[in-house]
file protein32.cif (mmCIF, C-alpha atoms)
data_upload
loop_
_atom_site.label_atom_id
_atom_site.label_comp_id
_atom_site.auth_asym_id
_atom_site.auth_seq_id
_atom_site.Cartn_x
_atom_site.Cartn_y
_atom_site.Cartn_z
CA MET Z 1 -56.83 -15.87 -19.17
CA VAL Z 2 -56.59 -12.54 -17.34
CA ARG Z 3 -55.69 -14.39 -14.15
CA PHE Z 4 -52.95 -16.33 -15.99
CA VAL Z 5 -51.43 -13.12 -17.40
CA THR Z 6 -51.59 -11.49 -13.98
CA VAL Z 7 -49.71 -14.43 -12.44
CA LEU Z 8 -47.07 -14.28 -15.16
CA LEU Z 9 -46.64 -10.55 -14.69
CA ALA Z 10 -46.29 -10.92 -10.92
CA ALA Z 11 -43.70 -13.65 -11.41
CA ALA Z 12 -41.74 -11.51 -13.84
CA LEU Z 13 -41.78 -8.54 -11.47
CA ALA Z 14 -40.65 -10.75 -8.58
CA THR Z 15 -37.80 -12.13 -10.70
CA ALA Z 16 -36.71 -8.63 -11.72
CA ALA Z 17 -36.82 -7.46 -8.10
CA GLN Z 18 -34.74 -10.42 -6.98
CA ALA Z 19 -32.22 -9.78 -9.74
CA GLN Z 20 -31.95 -6.14 -8.65
CA THR Z 21 -31.42 -7.23 -5.03
CA ASN Z 22 -28.75 -9.71 -6.07
CA ASN Z 23 -26.99 -7.09 -8.19
CA LYS Z 24 -26.97 -4.63 -5.29
CA ALA Z 25 -25.57 -7.29 -2.97
CA GLU Z 26 -22.81 -8.05 -5.47
CA LEU Z 27 -22.02 -4.34 -5.80
CA VAL Z 28 -21.74 -3.94 -2.03
CA LYS Z 29 -19.51 -7.01 -1.83
CA ARG Z 30 -17.23 -5.67 -4.56
CA GLY Z 31 -17.24 -2.24 -2.90
CA ASP Z 32 -16.22 -3.82 0.40
CA TYR Z 33 -13.33 -5.55 -1.38
CA LEU Z 34 -12.22 -2.25 -2.92
CA VAL Z 35 -12.73 0.16 -0.01
CA ASN Z 36 -11.31 -2.15 2.66
CA GLY Z 37 -8.65 -3.58 0.36
CA LEU Z 38 -7.15 -2.18 -2.81
CA LEU Z 39 -8.15 1.45 -2.28
CA THR Z 40 -6.91 1.43 1.36
CA CYS Z 41 -9.48 4.13 2.21
CA GLY Z 42 -9.20 3.44 5.93
CA ASN Z 43 -5.47 4.13 5.81
CA CYS Z 44 -6.36 7.83 5.66
CA HIS Z 45 -10.03 8.19 6.64
CA THR Z 46 -10.03 6.07 9.83
CA PRO Z 47 -8.59 7.60 13.02
CA LYS Z 48 -5.57 5.83 14.47
CA GLY Z 49 -4.77 4.75 18.02
CA PRO Z 50 -1.68 3.20 19.61
CA THR Z 51 -2.52 -0.18 18.08
CA GLY Z 52 -3.73 1.04 14.69
CA ASP Z 53 -7.21 1.76 13.31
CA ILE Z 54 -9.93 2.70 15.81
CA LYS Z 55 -12.53 0.34 14.39
CA ASP Z 56 -15.62 1.78 16.08
CA LYS Z 57 -14.85 5.14 14.44
CA ALA Z 58 -14.02 3.74 11.02
CA PHE Z 59 -14.08 6.25 8.16
CA SER Z 60 -15.14 9.16 10.41
CA GLY Z 61 -12.03 11.23 9.71
CA GLY Z 62 -8.42 10.27 10.08
CA LEU Z 63 -4.89 11.40 9.38
CA SER Z 64 -3.76 15.02 9.17
CA TRP Z 65 -1.07 16.56 7.01
CA ASP Z 66 0.63 19.94 7.32
CA GLU Z 67 2.55 20.17 4.06
CA PRO Z 68 3.75 23.01 1.83
CA PRO Z 69 0.70 22.66 -0.49
CA PHE Z 70 -1.97 22.23 2.24
CA LYS Z 71 -2.95 21.63 5.83
CA VAL Z 72 -5.75 19.07 5.85
CA THR Z 73 -7.37 16.24 7.74
CA ALA Z 74 -8.88 13.26 5.92
CA PRO Z 75 -12.64 13.93 6.10
CA ASN Z 76 -15.52 11.97 7.52
CA ILE Z 77 -16.91 9.71 4.77
CA THR Z 78 -19.56 7.94 6.83
CA GLN Z 79 -23.27 8.41 6.14
CA ASP Z 80 -23.70 11.14 8.74
CA ARG Z 81 -25.64 13.86 6.92
CA GLU Z 82 -24.09 16.80 8.76
CA THR Z 83 -20.42 15.93 9.16
CA GLY Z 84 -20.05 13.09 6.65
CA ILE Z 85 -21.29 12.43 3.12
CA GLY Z 86 -24.78 11.17 3.92
CA ALA Z 87 -26.37 14.16 2.20
CA TRP Z 88 -24.28 13.75 -0.96
CA SER Z 89 -25.89 12.23 -4.05
CA ASP Z 90 -24.34 9.23 -5.79
CA ALA Z 91 -23.28 11.62 -8.55
CA ASP Z 92 -21.57 13.87 -5.97
CA ILE Z 93 -19.50 10.96 -4.65
CA LYS Z 94 -18.55 9.81 -8.14
CA LYS Z 95 -17.53 13.33 -9.14
CA LEU Z 96 -15.28 13.64 -6.10
CA MET Z 97 -13.75 10.25 -6.82
CA ARG Z 98 -13.07 10.96 -10.49
CA THR Z 99 -12.29 14.69 -10.52
CA GLY Z 100 -11.39 15.66 -6.96
CA ILE Z 101 -14.18 18.26 -6.90
CA LYS Z 102 -16.57 18.44 -3.95
CA PRO Z 103 -20.31 19.17 -4.29
CA ASN Z 104 -19.71 22.81 -3.33
CA GLY Z 105 -17.29 23.17 -6.24
CA THR Z 106 -14.09 23.34 -4.21
CA PRO Z 107 -11.29 20.85 -4.84
CA ALA Z 108 -10.17 18.17 -2.42
CA ALA Z 109 -6.56 18.33 -1.31
CA MET Z 110 -4.11 16.81 -3.75
CA ILE Z 111 -3.44 13.97 -1.33
CA MET Z 112 -6.87 12.61 -2.26
CA PRO Z 113 -5.91 10.21 -5.08
CA SER Z 114 -8.65 11.24 -7.52
CA SER Z 115 -5.99 11.36 -10.24
CA PHE Z 116 -5.69 7.59 -9.92
CA TYR Z 117 -9.43 6.93 -9.80
CA GLN Z 118 -10.18 8.33 -13.25
CA VAL Z 119 -9.34 4.90 -14.67
CA MET Z 120 -11.92 3.14 -12.49
CA THR Z 121 -14.56 1.13 -14.34
CA GLU Z 122 -18.14 2.29 -14.07
CA ARG Z 123 -19.12 -0.85 -12.15
CA ASP Z 124 -16.27 -0.45 -9.65
CA LEU Z 125 -17.23 3.17 -9.11
CA ASP Z 126 -20.85 2.07 -8.53
CA ALA Z 127 -19.56 -0.59 -6.14
CA VAL Z 128 -17.62 1.92 -4.05
CA VAL Z 129 -20.70 4.15 -3.76
CA ALA Z 130 -22.92 1.17 -2.88
CA TYR Z 131 -20.55 0.13 -0.09
CA LEU Z 132 -20.13 3.65 1.31
CA ARG Z 133 -23.92 3.82 1.62
CA THR Z 134 -23.73 0.94 4.11
CA LEU Z 135 -21.38 2.72 6.52
CA LYS Z 136 -22.97 3.65 9.82
CA PRO Z 137 -23.28 7.42 10.33
CA ILE Z 138 -20.75 8.79 12.82
CA LYS Z 139 -20.92 12.44 13.80
CA ASN Z 140 -17.40 13.87 13.69
CA THR Z 141 -16.35 17.26 12.39
CA VAL Z 142 -12.79 17.56 11.12
CA PRO Z 143 -10.91 20.87 10.73
CA ALA Z 144 -11.57 22.79 7.53
CA PRO Z 145 -8.79 22.39 4.94
CA VAL Z 146 -6.24 25.15 4.40
CA TYR Z 147 -4.94 25.31 0.83
CA LYS Z 148 -1.64 27.13 0.28
CA VAL Z 149 -1.52 26.56 -3.48
CA PRO Z 150 -4.19 25.61 -6.06
CA GLN Z 151 -5.17 21.96 -5.67
CA VAL Z 152 -5.18 20.04 -8.95
CA HIS Z 153 -5.81 16.40 -9.90
CA PRO Z 154 -4.19 15.67 -13.28
CA PRO Z 155 -4.89 12.13 -14.55
CA PHE Z 156 -2.29 9.44 -14.03
CA PRO Z 157 -0.56 8.63 -17.35
CA GLY Z 158 -2.39 5.76 -19.04
CA GLY Z 159 -5.36 6.12 -16.72
CA GLU Z 160 -7.01 9.15 -18.27
CA LYS Z 161 -10.21 7.27 -19.16
CA PRO Z 162 -12.28 4.61 -17.40
CA PHE Z 163 -11.27 1.06 -18.21
CA THR Z 164 -13.89 -1.37 -19.46
CA GLU Z 165 -14.55 -4.81 -18.02
CA ALA Z 166 -13.37 -6.33 -21.32
CA MET Z 167 -9.90 -4.87 -20.80
CA MET Z 168 -9.45 -6.99 -17.68
CA GLY Z 169 -8.88 -10.06 -19.83
CA ASP Z 170 -5.30 -8.88 -20.42
CA LYS Z 171 -3.27 -9.70 -17.28
CA VAL Z 172 -0.80 -6.82 -17.65
CA LYS Z 173 -3.59 -4.29 -18.31
CA LYS Z 174 -5.48 -5.63 -15.31
CA GLY Z 175 -2.32 -5.28 -13.24
CA PHE Z 176 -1.92 -1.67 -14.38
CA TYR Z 177 -5.55 -1.03 -13.44
CA ILE Z 178 -5.12 -2.50 -9.95
CA VAL Z 179 -1.82 -0.70 -9.29
CA THR Z 180 -3.43 2.55 -10.46
CA ILE Z 181 -6.62 2.43 -8.37
CA ALA Z 182 -4.50 1.29 -5.41
CA HIS Z 183 -2.45 4.46 -6.12
CA CYS Z 184 0.80 2.56 -5.54
CA MET Z 185 2.82 4.98 -7.63
CA GLU Z 186 1.65 7.89 -5.49
CA CYS Z 187 4.00 6.65 -2.78
CA HIS Z 188 6.59 4.86 -4.89
CA THR Z 189 7.38 7.81 -7.19
CA PRO Z 190 9.56 10.55 -5.62
CA MET Z 191 8.34 14.09 -5.22
CA GLY Z 192 10.25 16.66 -7.27
CA PRO Z 193 10.09 20.47 -7.30
CA ARG Z 194 7.12 20.31 -9.69
CA GLY Z 195 5.46 17.29 -8.17
CA ARG Z 196 5.85 13.66 -9.14
CA ASP Z 197 7.35 12.92 -12.55
CA PHE Z 198 5.42 9.79 -13.52
CA VAL Z 199 7.07 9.76 -16.94
CA ASN Z 200 10.74 9.77 -15.93
CA ASP Z 201 10.70 8.62 -12.29
CA LEU Z 202 7.79 6.13 -12.22
CA GLY Z 203 8.26 3.65 -9.37
CA LYS Z 204 11.75 4.93 -8.52
CA GLY Z 205 11.01 5.17 -4.80
CA GLY Z 206 12.63 7.54 -2.34
CA PHE Z 207 9.54 9.28 -0.93
CA GLU Z 208 9.87 9.72 2.85
CA PHE Z 209 7.11 9.04 5.39
CA PRO Z 210 7.70 10.21 8.97
CA GLY Z 211 5.38 8.79 11.62
CA PRO Z 212 5.13 6.81 14.86
CA TRP Z 213 7.28 4.19 13.13
CA GLY Z 214 10.14 6.69 12.79
CA LYS Z 215 10.80 7.26 9.12
CA SER Z 216 10.12 4.94 6.22
CA VAL Z 217 11.22 5.47 2.64
CA SER Z 218 9.31 4.02 -0.30
CA ARG Z 219 11.46 1.59 -2.22
CA ASN Z 220 12.20 1.28 -5.90
CA ILE Z 221 9.60 -1.06 -7.44
CA THR Z 222 10.82 -0.87 -11.02
CA SER Z 223 12.25 -3.85 -12.89
CA SER Z 224 15.83 -2.81 -12.06
CA LYS Z 225 17.72 -5.88 -10.85
CA THR Z 226 20.08 -3.88 -8.64
CA LYS Z 227 17.93 -1.06 -7.22
CA GLY Z 228 14.42 -2.32 -7.83
CA ILE Z 229 12.60 -5.65 -7.62
CA GLY Z 230 13.74 -7.09 -10.94
CA ALA Z 231 15.76 -9.79 -9.15
CA TRP Z 232 12.92 -10.70 -6.81
CA SER Z 233 10.90 -13.84 -7.44
CA ASP Z 234 7.14 -13.61 -7.99
CA ALA Z 235 6.64 -15.17 -4.56
CA GLU Z 236 8.86 -12.56 -2.91
CA ILE Z 237 6.96 -9.70 -4.52
CA LYS Z 238 3.63 -11.22 -3.48
CA ARG Z 239 4.87 -11.67 0.09
CA ALA Z 240 5.93 -8.02 0.26
CA ILE Z 241 2.55 -6.85 -1.03
CA THR Z 242 0.31 -9.02 1.14
CA GLN Z 243 2.47 -9.68 4.22
CA GLY Z 244 4.82 -6.72 4.40
CA VAL Z 245 7.97 -8.83 4.32
CA SER Z 246 10.91 -7.79 2.14
CA LYS Z 247 13.13 -10.06 0.05
CA ASP Z 248 15.67 -10.29 2.89
CA GLY Z 249 12.99 -11.20 5.41
CA SER Z 250 12.85 -7.80 7.11
CA LYS Z 251 9.49 -6.28 8.00
CA LEU Z 252 8.26 -3.37 5.89
CA LYS Z 253 7.20 -0.22 7.72
CA PRO Z 254 3.94 1.70 7.44
CA PRO Z 255 2.25 3.36 5.69
CA MET Z 256 2.65 0.45 3.24
CA GLY Z 257 -0.87 -1.01 3.32
CA TYR Z 258 -0.01 -4.70 3.20
CA HIS Z 259 -2.70 -5.49 5.79
CA TYR Z 260 -5.23 -4.11 3.29
CA TYR Z 261 -3.63 -5.91 0.35
CA ALA Z 262 -3.77 -9.18 2.29
CA THR Z 263 -7.42 -9.41 1.17
CA MET Z 264 -6.51 -9.41 -2.53
CA THR Z 265 -7.47 -12.41 -4.62
CA ALA Z 266 -4.65 -14.57 -5.99
CA ASP Z 267 -5.64 -13.55 -9.50
CA ASP Z 268 -5.35 -9.84 -8.66
CA VAL Z 269 -1.94 -10.29 -7.02
CA ASP Z 270 -0.74 -12.23 -10.07
CA ALA Z 271 -1.86 -9.38 -12.31
CA VAL Z 272 -0.01 -6.82 -10.18
CA VAL Z 273 3.21 -8.81 -10.45
CA ALA Z 274 2.76 -9.16 -14.21
CA TYR Z 275 2.43 -5.39 -14.55
CA LEU Z 276 5.34 -4.55 -12.23
CA ARG Z 277 7.60 -6.70 -14.41
CA THR Z 278 6.93 -4.22 -17.23
CA VAL Z 279 7.82 -1.03 -15.31
CA PRO Z 280 11.02 0.34 -16.89
CA ALA Z 281 14.12 -0.05 -14.72
CA LYS Z 282 15.19 3.09 -12.86
CA GLU Z 283 18.48 3.23 -11.01
#
call {"tool": "encode", "arguments": {"input": "protein32.cif", "output": "structure tokens"}}
result
Amino acid sequence: MVRFVTVLLAAALATAAQAQTNNKAELVKRGDYLVNGLLTCGNCHTPKGPTGDIKDKAFSGGLSWDEPPFKVTAPNITQDRETGIGAWSDADIKKLMRTGIKPNGTPAAMIMPSSFYQVMTERDLDAVVAYLRTLKPIKNTVPAPVYKVPQVHPPFPGGEKPFTEAMMGDKVKKGFYIVTIAHCMECHTPMGPRGRDFVNDLGKGGFEFPGPWGKSVSRNITSSKTKGIGAWSDAEIKRAITQGVSKDGSKLKPPMGYHYYATMTADDVDAVVAYLRTVPAKE
């Protein structure tokens, strides 16, 4: 009898261990989908060469900005314990993602889209952390940030609290969630004297991006039929998102992350289109 119970207990423990392993694998897979897709983390945190991302230095520190509010370089987010985030706890990473506050209590620069990550579900946040833990450590020190004004991360309207998995059953809500964590409106809402007005100018476009490509200007992605994408077909919107091709067939310029969005599932792209159809027209 004792032997029988021991066998049952061993089997139960083995089953639980396997379930835990499977769950971790699923988290890492989801994190890969998010970090290398929707969140476009490499767009900032991976150094760039003449042909794009330097893959063997992925996530070791990337783009630099010298703007009125700050002078910063996207930090090393590999598992290197000295120059990356290898010594951070899971809670440290989650706090930075959600609040923009580093483990030492200082804020990240406002260009870090923590404002848009406050809506992230608990499982997606766990997935991002699980994937980041798999990144190979790369030793690379980036310049210390210089803050010229206080750095704040106010929540994106409608995304003040984490979504639940149950909310994803509504296609428009799911689309809002995806557009928010992908921080689309960070680029597609113009910058005013007091920052971006997400209430009155949401999706209006007009933000300028100078770079090796010359200058690109984010377009209006509201439902306006004349200035926005209201007259575009669903297929045309999907092509722009995942292939970087506009309605007229012209190629979109960086930093639009269409090569990241190309990994999106058909269901996720459908949800994004459903949400964009609801964005009030702005002329």
call {"tool": "residues_around", "arguments": {"input": "protein32.cif", "residues": "region 205-219 of chain Z", "least_positions_apart": "6", "cutoff": "8 Å", "atoms": "all atoms listed in the file", "output": "ChimeraX atom specification"}}
result
/Z:187-191,228,253-255
call {"tool": "resolve_selection", "arguments": {"input": "protein32.cif", "expression": "the PyMOL selection byres ((chain Z and resi 166-169) around 12)", "output": "VMD selection string"}}
result
chain Z and resid 119 to 121 162 to 165 170 to 178 267 to 268 271
call {"tool": "atom_distance", "arguments": {"input": "protein32.cif", "atom1": "CA of Asn23 (chain Z)", "atom2": "CA of Asp124 (chain Z)"}}
result
12.7 Å
call {"tool": "closest_residue", "arguments": {"input": "protein32.cif", "among": "Z:Tyr147, Z:Phe116, Z:Tyr258, Z:Trp232", "to": "Thr73 (chain Z)", "atoms": "only C-alpha atoms"}}
result
Z:Tyr147
call {"tool": "atom_distance", "arguments": {"input": "protein32.cif", "atom1": "CA of Ile138 (chain Z)", "atom2": "CA of Lys71 (chain Z)"}}
result
23.0 Å
call {"tool": "closest_residue", "arguments": {"input": "protein32.cif", "among": "Z:Pro69, Z:Gly249, Z:Gly86, Z:Gly203", "to": "Ile221 (chain Z)", "atoms": "all atoms listed in the file"}}
result
Z:Gly203
call {"tool": "closest_residue", "arguments": {"input": "protein32.cif", "among": "Z:Lys48, Z:Arg30, Z:Arg81, Z:Arg98", "to": "Pro137 (chain Z)", "atoms": "all atoms listed in the file"}}
result
Z:Arg81
call {"tool": "atom_distance", "arguments": {"input": "protein32.cif", "atom1": "CA of Val152 (chain Z)", "atom2": "CA of Leu202 (chain Z)"}}
result
19.3 Å
